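Asks: Dropping a structure here in structure tokens format, bear with me for questions.
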Amino acid sequence: MIDFKVLKQKMEKVLKTLDHTYLNDLSYFSGIEPSSENIAKYIFDHLKKELKGSPATLKKVTAWESDNACATYFGR
């Protein structure tokens with residue numbers, strides 16, 4: 001469990017790295033397309049690092065392209 005306020009702060013920190021950014025310029029996307037699938041994985045990987053040491057366990061992240069199209073990454 002985690003306080004939503006804490007989760008929101010950590011999520012905003014991760015999303016800030018993507019906001020108003022040409023994703024192809026990020027080293028994470030070097031050699032891969034910044035597709036919804038890869039963006040979901042990016043968010044998962046970075047949010048998992050942010051949550052390290054907290055009692056929360058990150059299971060999945062969903063990146064939405066539109067109202068009816070999304071990609072979900074299930075971590076390992």
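Residues in the structure tokens are numbered from 1 in each chain, the chains being A, B, ... in the order shown, and ligands are numbered from 1 in the order shown.
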Write out as JSON, numbers by chain the residues lying within 10 Å of A:Ala56, counting only C-alpha atoms and excluding same-chain residues fewer than 4 positions away.
Replies: {"A": [1, 2, 3, 7, 48, 51, 52]}
Asks: Please provide the set of residues having any atom within 8 Å of stretch 69-71 of chain A, restricted to only C-alpha atoms, with same-chain residues fewer than 3 positions apart removed, written as JSON, numbers by chain.
Replies: {"A": [36, 37, 40, 62, 63, 64, 65, 66]}
Asks: Need to verify the contact set: A:Phe44, 8 Å, only C-alpha atoms, exclusion of same-chain residues closer than 5 positions in sequence. Can you return it as a list in words?
Replies: Leu58, Lys60, Val61, Tyr73 and Gly75 of chain A
Asks: Determine which residues of chain A receive a DSSP assignment of strand (DSSP E), computed from the backbone, and state them as a list of chain:residue names.
Replies: A:Lys60, A:Val61, A:Thr62, A:Ala63, A:Trp64, A:Glu65, A:Ser66, A:Ala69, A:Cys70, A:Ala71, A:Thr72, A:Tyr73, A:Phe74
Asks: Which residues are close to stretch 21-24 of chain A, i.e. within 12 Å by only C-alpha atoms, leaving aside same-chain residues fewer than 5 positions away? Reply as a PyMOL selection string.
Replies: chain A and resi 15-16+29-36+38-39+42
Asks: I need the alpha helix (DSSP H) residues of chain A per DSSP on the backbone, written as a list in words.
Replies: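 Written out, the alpha helix (DSSP H) residues of chain A are Phe4, Lys5, Val6, Leu7, Lys8, Gln9, Lys10, Met11, Glu12, Lys13, Val14, Leu15, Lys16, Ser36, Glu37, Asn38, Ile39, Ala40, Lys41, Tyr42, Ile43, Phe44, Asp45, His46, Leu47, Lys48, Lys49, Glu50 and Leu51 of chain A.
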Asks: Atom CA of A:Glu12 and atom CA of A:Ile43 are how many Å apart?
Replies: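 Here the two named atoms are 10.5 Å from each other.
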